[in-house]
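Notes follow the structure.
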Amino acid sequence: MPHADGVSDEEFRAAMARLAAGVVLVTAHDPEEGARGEDVGMTATAFMSVSLDPPLVLVSVREDSRMAELLSRQDHWAVSLLTEAQHKTAGRFAMKARLSDRLLFQDLPHTRGTASGAPLVDGALAAVECRTEQRVAAGDHTLVVGRVLATRVASGEGGPLLYYSGRYRSLR
């Protein structure tokens, strides 16, 4: 059904499927969940650099997601830029009816960020640790702008994981 402006959901999805996007894993630690807290992760393709001075990034999170709820009360989080070899990780954290985050992180090689306390995926192309500077409501999503507190860049080879036309892809 078309919206008031005449664009249907299907038309919009078809157009946006033509945009290739890098795939990241957004992570945060929820200290209020359980005795030792719980790590939360979400696959995202809407992540970008906003500013170099100060260093700011932006991630878009679905309003009804666990990550949106957590980032509304936890201001430290991280993003791991996934490699083409990490498509299974992206798929697992993108599932709607998935296992608990605790189980997903249990067998995911990761280290804890020193600036954010969030899990950083081992072998990712890079990781960015952030503190929320601003939140902007945008339709059924929230745009979270974060100040970069720390970065980690992998020294290994490998290309980025991309999402295009409804599938994970690589540059090759």
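Identifiers for the structure tokens are assigned positionally: chains receive A, B, ... in sequence, residues are indexed from 1 per chain, and ligands are indexed from 1 in the order shown.
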Taking the DSSP assignment computed from this structure's backbone, write out as a PyMOL selection string all residues of stretch 28-129 of chain A that belong to alpha helix (DSSP H).
chain A and resi 66-71+87-94+101-106
Using only C-alpha atoms, find each residue in stretch 72-125 of chain A having at least one atom no more than 6 Å away from stretch 153-165 of chain A; report its shortest atom-to-atom pair and that distance in Å (one decimal), rows by chain then rising number, as CSV.
```
residue,atom,partner,partner_atom,distance
A:Leu82,CA,A:Leu161,CA,5.7
A:Thr83,CA,A:Pro160,CA,4.4
A:Glu84,CA,A:Leu161,CA,4.0
A:Leu125,CA,A:Ala154,CA,5.2
```
Residues as selected, C-alpha atoms, written as a PDB file, in the first residue's frame, can you do that?
```pdb
ATOM      1  CA  LEU A  82      33.123  -7.533   9.517  1.00  0.00           C
ATOM      2  CA  THR A  83      35.191  -9.335   6.907  1.00  0.00           C
ATOM      3  CA  GLU A  84      33.802 -11.330   4.001  1.00  0.00           C
ATOM      4  CA  LEU A 125      38.708  -5.425   9.705  1.00  0.00           C
TER       5      LEU A 125
END
```
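The environment of A:Ala127 within 8 Å, counting only C-alpha atoms and disregarding residues fewer than 6 places along the same chain, consists of A:Ala78, A:Val79, A:Ser80, A:Leu81, A:Leu120, A:Val121, A:Thr151, A:Arg152, A:Val153.
One distance worth recording is that between atom CA of A:Ala85 and atom CA of A:Asp122, which is 11.9 Å.
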For A:Val144, which residue out of A:Ser170, A:Ser116, A:Thr132, A:Thr45 is the nearest one, using only C-alpha atoms?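 Of A:Ser170, A:Ser116, A:Thr132, A:Thr45, the one nearest A:Val144 is A:Thr132, counting only C-alpha atoms.
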Notebook entry, point to check: Which residues, written as a VMD selection string, have at least one atom at most 7 Å from A:Gly117, with only C-alpha atoms counted and residues fewer than 4 positions away on the same chain left out?
Noted result: chain A and resid 29 112 to 113
